[in-house]
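Have a look at structure_20.txt; it's compact mmCIF, C-alpha atoms and all ligand atoms:
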```
# COMPACT_ATOMS: atom_id res chain seq x y z
CA MET A 1 85.17 68.41 214.66
CA GLU A 2 84.43 71.88 213.31
CA ALA A 3 85.71 75.26 214.52
CA ARG A 4 84.03 78.58 215.11
CA ILE A 5 84.77 82.15 216.10
CA ARG A 6 83.37 82.44 219.63
CA ALA A 7 84.02 86.18 219.86
CA LEU A 8 85.70 88.93 217.89
CA ALA A 9 86.73 92.41 218.98
CA ALA A 10 88.62 95.30 217.43
CA HIS A 11 90.59 98.22 218.76
CA ALA A 12 92.10 101.32 217.16
CA PRO A 13 94.45 103.83 218.79
CA GLU A 14 92.78 106.98 220.09
CA LYS A 15 94.58 109.54 217.95
CA THR A 16 93.26 110.19 214.43
CA LEU A 17 94.87 111.93 211.48
CA SER A 18 92.57 113.33 208.79
CA ASN A 19 93.53 113.95 205.17
CA GLU A 20 93.20 117.65 205.88
CA GLU A 21 95.74 117.38 208.73
CA LEU A 22 98.07 115.36 206.48
CA THR A 23 98.19 118.18 203.93
CA LYS A 24 100.12 120.24 206.51
CA PHE A 25 103.21 118.05 206.08
CA VAL A 26 102.62 115.97 202.90
CA ASP A 27 102.22 117.44 199.39
CA THR A 28 98.68 116.11 198.87
CA THR A 29 95.02 117.07 199.08
CA ASP A 30 91.92 115.60 200.70
CA GLU A 31 90.36 115.56 197.24
CA TRP A 32 93.18 113.45 195.72
CA ILE A 33 93.26 110.95 198.57
CA PHE A 34 89.49 110.53 198.83
CA SER A 35 88.90 110.30 195.08
CA HIS A 36 91.74 107.77 194.57
CA THR A 37 91.22 105.63 197.68
CA GLY A 38 87.98 106.40 199.58
CA ILE A 39 90.06 107.31 202.67
CA ARG A 40 89.32 110.40 204.76
CA SER A 41 91.04 109.64 208.05
CA ARG A 42 93.12 107.03 209.88
CA HIS A 43 94.04 106.12 213.46
CA ILE A 44 97.67 106.56 214.49
CA ALA A 45 99.42 104.86 217.41
CA ALA A 46 101.09 107.04 220.04
CA ALA A 47 104.90 107.34 219.95
CA ASP A 48 105.23 104.78 222.75
CA GLU A 49 102.59 102.34 221.41
CA SER A 50 103.70 99.18 219.62
CA ALA A 51 101.76 96.49 217.75
CA SER A 52 101.32 94.40 220.92
CA ASP A 53 100.11 97.42 222.93
CA ILE A 54 97.27 98.23 220.56
CA ALA A 55 96.27 94.55 220.30
CA LEU A 56 95.89 93.92 224.03
CA PRO A 57 92.54 95.75 224.49
CA ALA A 58 90.98 93.63 221.70
CA CYS A 59 92.44 90.41 223.17
CA ARG A 60 91.12 91.23 226.67
CA LYS A 61 87.68 92.09 225.29
CA VAL A 62 87.45 88.73 223.52
CA LEU A 63 88.49 86.80 226.64
CA GLU A 64 86.11 88.77 228.88
CA SER A 65 83.13 88.40 226.58
CA THR A 66 83.54 84.62 226.43
CA GLY A 67 84.44 84.17 230.10
CA THR A 68 87.76 82.61 229.05
CA SER A 69 90.76 82.95 231.32
CA ALA A 70 94.20 83.61 229.83
CA GLU A 71 95.41 80.23 231.16
CA GLU A 72 92.82 78.48 228.98
CA ILE A 73 94.43 79.72 225.73
CA ASP A 74 96.36 76.95 223.96
CA LEU A 75 97.84 78.96 221.12
CA ILE A 76 98.29 82.61 220.17
CA LEU A 77 98.70 83.47 216.50
CA VAL A 78 99.57 87.06 215.64
CA ALA A 79 99.20 88.25 212.06
CA THR A 80 101.38 91.31 211.64
CA SER A 81 103.87 92.86 209.28
CA THR A 82 104.72 95.57 211.82
CA PRO A 83 105.94 93.48 214.76
CA ASP A 84 107.25 94.96 218.01
CA TYR A 85 110.76 93.79 217.10
CA ILE A 86 112.37 92.95 213.73
CA SER A 87 112.16 89.16 213.27
CA MET A 88 112.64 88.19 216.92
CA PRO A 89 111.07 87.76 219.36
CA SER A 90 107.61 87.32 217.92
CA THR A 91 104.91 89.81 218.88
CA ALA A 92 102.84 86.78 219.87
CA CYS A 93 105.28 86.09 222.73
CA ILE A 94 104.91 89.66 224.00
CA ILE A 95 101.10 89.35 223.93
CA GLN A 96 101.27 85.89 225.60
CA HIS A 97 103.29 87.39 228.47
CA GLN A 98 101.14 90.50 228.83
CA LEU A 99 97.95 88.43 228.97
CA GLY A 100 99.46 85.87 231.36
CA ALA A 101 98.60 83.06 228.91
CA ASN A 102 101.00 80.69 230.59
CA ALA A 103 99.82 77.49 228.89
CA ALA A 104 99.95 78.87 225.34
CA GLY A 105 102.28 78.43 222.39
CA ALA A 106 102.80 81.66 220.48
CA MET A 107 103.95 82.61 217.00
CA ASP A 108 103.62 85.32 214.39
CA ILE A 109 102.16 84.78 210.93
CA THR A 110 103.67 86.80 208.08
CA ALA A 111 101.18 87.16 205.28
CA ALA A 112 100.82 90.97 205.29
CA CYS A 113 97.28 92.12 204.54
CA SER A 114 96.07 88.51 204.13
CA GLY A 115 97.40 87.72 207.61
CA PHE A 116 94.07 87.49 209.42
CA VAL A 117 92.64 85.13 206.79
CA TYR A 118 95.78 82.96 207.00
CA ALA A 119 95.84 82.97 210.82
CA LEU A 120 92.14 82.06 211.05
CA GLU A 121 92.70 79.07 208.75
CA ILE A 122 95.70 77.91 210.82
CA ALA A 123 93.63 78.26 213.99
CA ARG A 124 90.74 76.35 212.42
CA ASN A 125 93.09 73.51 211.53
CA PHE A 126 94.54 73.28 215.05
CA VAL A 127 91.03 73.08 216.47
CA VAL A 128 89.73 70.61 213.89
CA ALA A 129 92.78 68.39 214.47
CA GLY A 130 92.01 68.40 218.20
CA SER A 131 95.38 69.84 219.16
CA ALA A 132 94.00 73.11 220.55
CA ARG A 133 90.68 74.14 222.10
CA ASN A 134 91.21 77.87 222.39
CA VAL A 135 93.26 79.68 219.76
CA LEU A 136 93.57 83.44 220.10
CA VAL A 137 93.93 84.89 216.60
CA VAL A 138 95.25 88.44 216.66
CA ALA A 139 95.87 90.94 213.87
CA THR A 140 97.74 94.08 214.75
CA GLU A 141 99.42 96.71 212.64
CA VAL A 142 101.23 99.98 213.23
CA TYR A 143 102.00 101.02 209.66
CA SER A 144 102.48 104.63 210.78
CA LYS A 145 105.92 103.50 211.98
CA ILE A 146 107.01 101.78 208.74
CA VAL A 147 105.71 104.18 206.10
CA ASN A 148 107.98 106.79 204.62
CA TRP A 149 106.21 110.02 205.57
CA LYS A 150 108.08 111.76 202.74
CA ASP A 151 106.51 109.46 200.11
CA ARG A 152 103.02 110.68 199.27
CA ASN A 153 102.45 107.61 197.08
CA THR A 154 102.28 105.40 200.17
CA CYS A 155 102.03 107.32 203.45
CA VAL A 156 98.48 108.56 202.81
CA LEU A 157 97.15 105.02 202.36
CA PHE A 158 97.76 103.38 205.72
CA GLY A 159 96.54 103.48 209.32
CA ASP A 160 96.94 101.60 212.62
CA GLY A 161 94.56 99.17 214.30
CA ALA A 162 94.06 95.71 215.74
CA GLY A 163 91.55 92.91 216.10
CA ALA A 164 91.29 89.59 217.93
CA ALA A 165 89.13 86.48 217.61
CA LEU A 166 88.85 83.41 219.79
CA VAL A 167 88.59 80.19 217.74
CA SER A 168 87.27 77.08 219.50
CA PRO A 169 85.44 73.81 218.70
CA ALA A 170 81.92 74.25 217.33
CA ASP A 171 80.51 71.62 219.70
CA ASP A 172 78.35 73.95 221.84
CA SER A 173 77.11 76.16 218.99
CA ARG A 174 77.70 76.72 215.28
CA ARG A 175 77.66 80.53 215.52
CA GLY A 176 80.71 81.92 213.74
CA LEU A 177 81.39 78.62 211.95
CA LEU A 178 84.61 78.72 209.93
CA HIS A 179 84.74 76.89 206.62
CA HIS A 180 87.95 75.66 204.99
CA ALA A 181 89.67 78.79 203.62
CA PHE A 182 91.28 79.32 200.23
CA LEU A 183 94.91 80.52 200.52
CA ARG A 184 97.24 81.50 197.68
CA SER A 185 100.57 83.23 197.06
CA ASP A 186 102.30 84.77 194.05
CA GLY A 187 105.87 85.44 195.11
CA SER A 188 106.75 86.74 191.63
CA GLY A 189 105.39 90.06 192.94
CA ALA A 190 107.55 89.98 196.08
CA GLU A 191 109.11 93.38 195.54
CA SER A 192 105.91 95.16 194.47
CA LEU A 193 105.23 95.85 198.13
CA VAL A 194 108.34 95.57 200.24
CA ARG A 195 110.72 96.91 202.87
CA LEU A 196 113.88 96.48 200.80
CA HIS A 197 116.63 96.74 203.40
CA GLY A 198 117.06 95.18 206.82
CA GLY A 199 116.58 91.52 205.90
CA THR A 200 119.20 88.96 204.90
CA ARG A 201 118.89 89.78 201.17
CA ARG A 202 119.95 93.38 201.71
CA PRO A 203 121.18 93.82 205.27
CA THR A 204 121.12 97.38 206.55
CA ASN A 205 124.40 99.05 205.71
CA ALA A 206 125.90 102.52 205.59
CA ASP A 207 124.25 103.11 202.18
CA SER A 208 120.72 102.23 203.36
CA THR A 209 118.53 105.28 203.08
CA GLU A 210 115.46 105.92 205.24
CA ALA A 211 113.34 105.10 202.18
CA ASP A 212 115.07 101.69 201.79
CA LEU A 213 114.09 100.79 205.33
CA MET A 214 110.46 101.84 204.97
CA LEU A 215 107.62 100.39 202.92
CA SER A 216 107.76 100.96 199.16
CA MET A 217 105.12 100.00 196.64
CA ASP A 218 104.41 99.74 192.93
CA GLY A 219 100.85 101.04 193.27
CA ARG A 220 99.63 100.18 189.75
CA LYS A 221 100.96 96.60 189.94
CA VAL A 222 99.40 96.06 193.36
CA TYR A 223 96.11 97.53 192.17
CA ASN A 224 95.89 95.16 189.19
CA PHE A 225 96.86 92.17 191.31
CA ALA A 226 94.33 93.13 193.99
CA VAL A 227 91.35 93.29 191.61
CA ARG A 228 92.27 89.85 190.21
CA ALA A 229 92.84 88.43 193.72
CA VAL A 230 89.45 89.59 195.02
CA ASN A 231 87.70 88.05 192.01
CA GLU A 232 89.55 84.75 192.14
CA THR A 233 89.06 84.39 195.91
CA ILE A 234 85.32 85.01 195.79
CA LEU A 235 84.75 82.70 192.81
CA GLU A 236 86.88 79.94 194.37
CA VAL A 237 85.09 80.13 197.74
CA LEU A 238 81.65 80.17 196.07
CA GLU A 239 82.55 77.14 193.96
CA ARG A 240 83.90 75.15 196.90
CA GLU A 241 80.85 75.93 199.01
CA LYS A 242 78.43 75.40 196.11
CA LEU A 243 76.97 78.87 196.66
CA THR A 244 76.22 81.82 194.41
CA ILE A 245 76.80 85.55 194.91
CA ASP A 246 73.13 85.89 195.90
CA ASP A 247 73.64 83.49 198.85
CA ILE A 248 76.22 85.78 200.48
CA ASP A 249 75.01 88.45 202.92
CA TYR A 250 78.30 90.35 203.13
CA PHE A 251 81.67 90.28 201.44
CA VAL A 252 84.31 91.57 203.87
CA PRO A 253 87.35 92.52 201.81
CA HIS A 254 90.69 93.85 202.96
CA GLN A 255 90.12 97.60 203.18
CA ALA A 256 92.88 98.84 200.88
CA ASN A 257 91.06 101.06 198.47
CA VAL A 258 87.42 101.63 197.52
CA ARG A 259 88.29 101.57 193.82
CA ILE A 260 89.80 98.07 194.06
CA ILE A 261 86.59 96.80 195.67
CA GLU A 262 84.29 98.61 193.22
CA ALA A 263 86.26 97.29 190.22
CA ALA A 264 86.17 93.72 191.59
CA ALA A 265 82.44 93.92 192.39
CA LYS A 266 81.71 95.20 188.89
CA ARG A 267 83.73 92.39 187.28
CA LEU A 268 81.88 89.82 189.38
CA GLY A 269 78.48 91.37 188.74
CA ALA A 270 77.98 91.58 192.52
CA PRO A 271 76.15 94.46 194.23
CA VAL A 272 78.82 96.72 195.71
CA GLU A 273 76.52 97.51 198.69
CA ARG A 274 77.16 93.98 199.95
CA PHE A 275 80.90 94.70 200.20
CA TYR A 276 81.40 96.17 203.66
CA MET A 277 83.77 99.12 203.57
CA ASN A 278 85.13 101.35 206.32
CA MET A 279 88.47 102.51 204.87
CA GLU A 280 87.04 106.04 204.97
CA ARG A 281 87.68 106.13 208.75
CA TYR A 282 90.58 103.67 209.17
CA ALA A 283 92.54 103.67 205.86
CA ASN A 284 94.43 100.46 205.08
CA THR A 285 95.28 98.71 208.35
CA SER A 286 96.73 95.64 206.59
CA ALA A 287 96.03 92.38 208.49
CA SER A 288 93.76 94.24 210.94
CA SER A 289 91.36 95.60 208.36
CA ILE A 290 89.09 92.54 208.18
CA PRO A 291 88.61 92.17 211.97
CA LEU A 292 88.17 95.95 212.26
CA ALA A 293 85.43 95.73 209.63
CA ILE A 294 83.70 92.72 211.23
CA GLY A 295 83.98 94.37 214.67
CA GLU A 296 82.30 97.48 213.33
CA MET A 297 79.59 95.42 211.60
CA GLN A 298 78.88 93.72 214.94
CA ASP A 299 78.70 97.03 216.79
CA ARG A 300 76.33 98.42 214.16
CA GLY A 301 74.03 95.39 214.56
CA LEU A 302 74.48 94.34 210.92
CA LEU A 303 75.34 90.73 211.68
CA LYS A 304 72.53 88.27 212.39
CA PRO A 305 72.96 84.60 213.32
CA GLY A 306 73.40 82.38 210.28
CA MET A 307 74.42 85.16 207.91
CA LYS A 308 77.03 84.14 205.36
CA LEU A 309 80.17 86.27 205.08
CA ILE A 310 83.11 85.82 202.75
CA THR A 311 86.40 87.36 203.88
CA ILE A 312 88.90 88.39 201.20
CA GLY A 313 92.52 89.22 202.02
CA PHE A 314 95.23 90.39 199.60
CA GLY A 315 98.57 92.00 200.12
CA ALA A 316 102.35 91.86 200.15
CA GLY A 317 103.92 88.55 199.22
CA LEU A 318 101.92 88.72 197.14
CA THR A 319 99.41 86.77 199.23
CA TYR A 320 95.66 86.41 198.94
CA GLY A 321 92.79 84.24 200.06
CA GLY A 322 89.52 84.10 201.92
CA GLY A 323 86.88 81.95 203.46
CA LEU A 324 83.24 81.54 204.35
CA ILE A 325 82.07 82.34 207.88
CA GLU A 326 78.53 81.46 208.99
CA TRP A 327 77.85 84.15 211.54
N1 LIG B 1 98.50 113.20 196.63
C1 LIG B 1 98.57 113.81 195.43
N2 LIG B 1 99.08 113.23 194.33
C2 LIG B 1 99.55 111.98 194.47
C3 LIG B 1 99.52 111.28 195.68
C4 LIG B 1 98.98 111.94 196.79
N3 LIG B 1 98.92 111.37 198.00
N4 LIG B 1 100.07 110.08 195.50
C5 LIG B 1 100.42 110.00 194.20
N5 LIG B 1 100.12 111.15 193.58
C6 LIG B 1 100.37 111.47 192.21
C7 LIG B 1 101.63 110.86 191.71
O1 LIG B 1 102.75 111.66 191.99
C8 LIG B 1 101.37 110.78 190.22
O2 LIG B 1 101.59 112.06 189.68
P1 LIG B 1 102.25 112.22 188.21
O3 LIG B 1 101.28 111.55 187.29
O4 LIG B 1 102.35 113.70 188.05
O5 LIG B 1 103.56 111.51 188.29
C9 LIG B 1 99.89 110.52 190.18
O6 LIG B 1 99.33 110.94 191.40
C10 LIG B 1 99.61 109.04 190.04
O7 LIG B 1 98.34 109.00 189.63
P2 LIG B 1 97.69 107.65 189.15
O8 LIG B 1 98.69 106.81 188.43
O9 LIG B 1 96.43 108.00 188.46
O10 LIG B 1 97.39 107.00 190.52
P3 LIG B 1 96.51 105.75 190.67
O11 LIG B 1 95.16 105.98 190.11
O12 LIG B 1 97.28 104.55 190.24
O13 LIG B 1 96.34 105.68 192.23
C11 LIG B 1 97.06 104.40 194.06
C12 LIG B 1 97.45 105.46 193.03
C13 LIG B 1 95.93 104.94 194.92
C14 LIG B 1 98.28 104.14 194.94
C15 LIG B 1 96.61 103.12 193.33
O14 LIG B 1 97.60 102.71 192.42
C16 LIG B 1 96.30 102.01 194.27
O15 LIG B 1 95.34 102.05 194.98
N6 LIG B 1 97.12 100.95 194.28
C17 LIG B 1 96.96 99.87 195.19
C18 LIG B 1 97.60 100.29 196.45
C19 LIG B 1 97.19 99.42 197.59
O16 LIG B 1 96.03 99.27 197.86
N7 LIG B 1 98.20 98.90 198.25
C20 LIG B 1 98.03 98.13 199.36
C21 LIG B 1 97.38 96.81 199.05
S1 LIG B 1 98.12 95.51 199.82
C22 LIG B 1 98.28 95.99 201.34
O17 LIG B 1 97.33 96.40 201.87
C23 LIG B 1 99.64 96.02 202.00
```

What would the structure in this file look like if it were written as structure tokens?
Ligand code: ACO
Amino acid sequence: MEARIRALAAHAPEKTLSNEELTKFVDTTDEWIFSHTGIRSRHIAAADESASDIALPACRKVLESTGTSAEEIDLILVATSTPDYISMPSTACIIQHQLGANAAGAMDITAACSGFVYALEIARNFVVAGSARNVLVVATEVYSKIVNWKDRNTCVLFGDGAGAALVSPADDSRRGLLHHAFLRSDGSGAESLVRLHGGTRRPTNADSTEADLMLSMDGRKVYNFAVRAVNETILEVLEREKLTIDDIDYFVPHQANVRIIEAAAKRLGAPVERFYMNMERYANTSASSIPLAIGEMQDRGLLKPGMKLITIGFGAGLTYGGGLIEW
């Protein structure tokens, strides 16, 4: 048995925040942000919108487009590092209830910006093993609610968005075929990208500052890791699949920063035009950035049947990985 993506959809909150608008309350400039990251604007969830809220439109779109009823979903996997609630219950349970997916198991996957790649591989394995026919893979992130808006080193980098994919057996068609993904972790970099307080290592206490509770990052360390992770992932996937860079139609990397992608492409000797990038309009949406990119590629008519894509995720953990999809 093989598994495929039957449909994929993305959704971003309506409100946008441009770099220019950011300069009104953060000590930064459009020039600095764009030249260092390739970001011009991002979507921001409304005050009353949570990770599950912004994911539901993408989930419903995927079910509608495949004529799948919510009761036919066997498993819901939600990749998020900005869940509705801290640690429990899972955001997947909230989405399961909202969809009325009454025959589904539900759990969250914590792999930060690699979350969609990880969740797709878990879904593929459930389907290949024959223990699920319809797995709804969701990525949803509301980083606007976990960034420290007083820290210009981080708050300018992130945005909100969601994506969903339905993974099912490839017995009717091989469109969207998922190949065995490559997954890795380097926990030695655990605190390079972290929310320090609020977990069991440093429970929130009277000394916890707002900054301790929000995301903090060693930007240089993450940058160096990210370039290495993109390279290693692509080379590993190519080797496993016995393919070369020329065989790949599009590389779909996590949309963290245009300079990370350009540096990795240069090191690989791969044409940067084949790396799809849309961080200019969405910023870094963590686990959601790959489905947001693929959703946009679909809408723009860039994806033709049989095209070969390699996804590349990297992020907090540190986690990384990727896989081949035959569109
Ligand atoms: N506006 C203006 N100046 C800024 C801003 C800003 N928004 N942010 C930082 N600066 C300043 C700093 O204060 C510092 O000033 P100083 O030198 O006077 O102290 C200076 O810019 C830092 O400059 P550089 O070291 O040249 O910055 P760098 O080129 O390293 O770029 C960046 C910083 C963009 C954060 C880079 O390190 C990076 O992209 N890192 C990876 C970050 C990332 O992608 N993280 C997420 C990946 S994983 C995930 O998605 C969760």

For Glu280 of chain A, please output as a list of chain:residue names all residues within 6 Å (counting all atoms listed in the file; exclusion window: fewer than 3 positions along the same chain). A:Gly38, A:Ile39, A:Arg40

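Atom CA of Ser288 of chain A is found 17.0 Å from atom CA of Leu318 of chain A.
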
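Among the candidates A:Thr311, A:Ser208, A:Thr140, A:Asn153, the one nearest to ligand LIG 1 (chain B) when counting only C-alpha atoms and all ligand atoms is A:Asn153.
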
6 Å shell around ligand LIG 1 (chain B) using only C-alpha atoms and all ligand atoms, listed as a PyMOL selection string: chain A and resi 28-29+32-33+36-37+113+152-153+156+219-220+222-223+256-257+284+286+314-316

Which residues of segment 204-292 of chain A come within 9 Å of segment 42-56 of chain A, and what is each one's closest atom pair and distance in Å (one decimal), counting all atoms listed in the file, sorted by chain and residue number, as a Markdown table?
```
| residue | atom | partner | partner_atom | distance |
| --- | --- | --- | --- | --- |
| A:Met279 | CA | A:Arg42 | CA | 8.2 |
| A:Glu280 | CA | A:Arg42 | CA | 7.9 |
| A:Arg281 | CA | A:Arg42 | CA | 5.6 |
| A:Tyr282 | CA | A:Arg42 | CA | 4.3 |
| A:Ala283 | CA | A:Arg42 | CA | 5.3 |
| A:Asn284 | CA | A:Arg42 | CA | 8.2 |
| A:Thr285 | CA | A:Arg42 | CA | 8.7 |
```

Next, dump the selected residues to file, keeping only C-alpha atoms, as a short mmCIF file (atom, residue, chain, number, x, y, z; two decimals), in the frame of the given file.
```
data_model
loop_
_atom_site.label_atom_id
_atom_site.label_comp_id
_atom_site.auth_asym_id
_atom_site.auth_seq_id
_atom_site.Cartn_x
_atom_site.Cartn_y
_atom_site.Cartn_z
CA MET A 279 88.47 102.51 204.87
CA GLU A 280 87.04 106.04 204.97
CA ARG A 281 87.68 106.13 208.75
CA TYR A 282 90.58 103.67 209.17
CA ALA A 283 92.54 103.67 205.86
CA ASN A 284 94.43 100.46 205.08
CA THR A 285 95.28 98.71 208.35
#
```

Identify the residues within 7 Å of coordinate (99.8, 85.3, 210.7) (same frame as the file), considering all atoms listed in the file, and give the answer as a PyMOL selection string. chain A and resi 77-80+108-111+115-116+118-119

Between atom CA of Gly295 of chain A and atom CA of Ala10 of chain A, measure the distance and give it in Å to one decimal. 5.5 Å

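If you measure from each of A:Asp186, A:Asp160, A:Glu296, A:Glu64 to Arg228 of chain A using all atoms listed in the file, the closest one turns out to be A:Asp186.
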
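Considering only C-alpha atoms, the residue among A:Glu262, A:Asp74, A:Asp212, A:Glu239 positioned nearest to Val147 of chain A is A:Asp212.
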
How far is it from atom CA of Pro83 of chain A to atom CA of Pro203 of chain A, in Å with one decimal? 18.0 Å

Here's a test: counting all atoms listed in the file, identify every protein, DNA and RNA residue with an atom at most 12 Å from (91.9, 79.9, 204.9) in the file's coordinate frame, and state them as a PyMOL selection string. chain A and resi 111+114-125+178-184+233+236-237+310-313+319-325

Restricting it to C-alpha atoms, dump the selection as a JSON list (two decimals), in the coordinates of the input.
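The file below, selection34.json, is the result:
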```json
[["chain", "number", "residue", "atom", "x", "y", "z"],
["A", 111, "ALA", "CA", 101.18, 87.16, 205.28],
["A", 114, "SER", "CA", 96.07, 88.51, 204.13],
["A", 115, "GLY", "CA", 97.40, 87.72, 207.61],
["A", 116, "PHE", "CA", 94.07, 87.49, 209.42],
["A", 117, "VAL", "CA", 92.64, 85.13, 206.79],
["A", 118, "TYR", "CA", 95.78, 82.96, 207.00],
["A", 119, "ALA", "CA", 95.84, 82.97, 210.82],
["A", 120, "LEU", "CA", 92.14, 82.06, 211.05],
["A", 121, "GLU", "CA", 92.70, 79.07, 208.75],
["A", 122, "ILE", "CA", 95.70, 77.91, 210.82],
["A", 123, "ALA", "CA", 93.63, 78.26, 213.99],
["A", 124, "ARG", "CA", 90.74, 76.35, 212.42],
["A", 125, "ASN", "CA", 93.09, 73.51, 211.53],
["A", 178, "LEU", "CA", 84.61, 78.72, 209.93],
["A", 179, "HIS", "CA", 84.74, 76.89, 206.62],
["A", 180, "HIS", "CA", 87.95, 75.66, 204.99],
["A", 181, "ALA", "CA", 89.67, 78.79, 203.62],
["A", 182, "PHE", "CA", 91.28, 79.32, 200.23],
["A", 183, "LEU", "CA", 94.91, 80.52, 200.52],
["A", 184, "ARG", "CA", 97.24, 81.50, 197.68],
["A", 233, "THR", "CA", 89.06, 84.39, 195.91],
["A", 236, "GLU", "CA", 86.88, 79.94, 194.37],
["A", 237, "VAL", "CA", 85.09, 80.13, 197.74],
["A", 310, "ILE", "CA", 83.11, 85.82, 202.75],
["A", 311, "THR", "CA", 86.40, 87.36, 203.88],
["A", 312, "ILE", "CA", 88.90, 88.39, 201.20],
["A", 313, "GLY", "CA", 92.52, 89.22, 202.02],
["A", 319, "THR", "CA", 99.41, 86.77, 199.23],
["A", 320, "TYR", "CA", 95.66, 86.41, 198.94],
["A", 321, "GLY", "CA", 92.79, 84.24, 200.06],
["A", 322, "GLY", "CA", 89.52, 84.10, 201.92],
["A", 323, "GLY", "CA", 86.88, 81.95, 203.46],
["A", 324, "LEU", "CA", 83.24, 81.54, 204.35],
["A", 325, "ILE", "CA", 82.07, 82.34, 207.88]]
```

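Closest approach to Ala129 of chain A among A:Thr154, A:Ser41, A:Thr204, A:Ser168 is made by A:Ser168 (distances from all atoms listed in the file).
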
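Proximity ranking of A:Met107, A:Ala7, A:Ile234, A:Leu99 relative to Ala264 of chain A places A:Ile234 first, based on all atoms listed in the file.
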
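Between Ala3 of chain A and the residues A:Ser173, A:Ser289, A:Thr200, A:Gln298, the shortest atom-to-atom distance, using only C-alpha atoms, involves A:Ser173.
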
Kindly add all heavy atoms to the incomplete segment 237-242 of chain A and provide the output as a JSON list (two decimals), keeping the file's coordinate frame.
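Listed below is the output, rebuild00.json:
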```json
[["chain", "number", "residue", "atom", "x", "y", "z"],
["A", 237, "VAL", "N", 85.83, 80.47, 196.51],
["A", 237, "VAL", "CA", 85.09, 80.13, 197.74],
["A", 237, "VAL", "C", 83.64, 79.74, 197.37],
["A", 237, "VAL", "O", 83.11, 78.74, 197.88],
["A", 237, "VAL", "CB", 85.12, 81.29, 198.77],
["A", 237, "VAL", "CG1", 84.21, 81.00, 199.95],
["A", 237, "VAL", "CG2", 86.55, 81.53, 199.25],
["A", 238, "LEU", "N", 83.03, 80.49, 196.47],
["A", 238, "LEU", "CA", 81.65, 80.17, 196.07],
["A", 238, "LEU", "C", 81.58, 78.76, 195.46],
["A", 238, "LEU", "O", 80.67, 77.98, 195.78],
["A", 238, "LEU", "CB", 81.13, 81.19, 195.05],
["A", 238, "LEU", "CG", 80.85, 82.60, 195.59],
["A", 238, "LEU", "CD1", 80.48, 83.54, 194.45],
["A", 238, "LEU", "CD2", 79.75, 82.58, 196.65],
["A", 239, "GLU", "N", 82.57, 78.45, 194.61],
["A", 239, "GLU", "CA", 82.55, 77.14, 193.96],
["A", 239, "GLU", "C", 82.71, 76.01, 194.97],
["A", 239, "GLU", "O", 81.95, 75.04, 194.96],
["A", 239, "GLU", "CB", 83.66, 77.09, 192.90],
["A", 239, "GLU", "CG", 83.50, 75.89, 191.97],
["A", 239, "GLU", "CD", 84.64, 75.80, 190.97],
["A", 239, "GLU", "OE1", 85.07, 76.84, 190.45],
["A", 239, "GLU", "OE2", 85.10, 74.66, 190.73],
["A", 240, "ARG", "N", 83.68, 76.18, 195.88],
["A", 240, "ARG", "CA", 83.90, 75.15, 196.90],
["A", 240, "ARG", "C", 82.68, 74.92, 197.77],
["A", 240, "ARG", "O", 82.39, 73.82, 198.19],
["A", 240, "ARG", "CB", 84.99, 75.61, 197.88],
["A", 240, "ARG", "CG", 86.35, 75.45, 197.36],
["A", 240, "ARG", "CD", 87.26, 75.90, 198.46],
["A", 240, "ARG", "NE", 88.63, 75.83, 197.98],
["A", 240, "ARG", "CZ", 89.68, 75.85, 198.78],
["A", 240, "ARG", "NH1", 89.51, 75.96, 200.09],
["A", 240, "ARG", "NH2", 90.87, 75.78, 198.30],
["A", 241, "GLU", "N", 81.98, 76.02, 198.09],
["A", 241, "GLU", "CA", 80.85, 75.93, 199.01],
["A", 241, "GLU", "C", 79.54, 75.67, 198.27],
["A", 241, "GLU", "O", 78.48, 75.59, 198.91],
["A", 241, "GLU", "CB", 80.72, 77.23, 199.83],
["A", 241, "GLU", "CG", 81.96, 77.60, 200.63],
["A", 241, "GLU", "CD", 82.23, 76.65, 201.79],
["A", 241, "GLU", "OE1", 81.31, 75.91, 202.20],
["A", 241, "GLU", "OE2", 83.38, 76.65, 202.28],
["A", 242, "LYS", "N", 79.61, 75.59, 196.95],
["A", 242, "LYS", "CA", 78.43, 75.40, 196.11],
["A", 242, "LYS", "C", 77.37, 76.48, 196.41],
["A", 242, "LYS", "O", 76.19, 76.21, 196.65],
["A", 242, "LYS", "CB", 77.84, 73.99, 196.30],
["A", 242, "LYS", "CG", 78.86, 72.90, 195.99],
["A", 242, "LYS", "CD", 78.22, 71.57, 195.71],
["A", 242, "LYS", "CE", 79.17, 70.47, 195.34],
["A", 242, "LYS", "NZ", 80.60, 70.75, 195.25]]
```
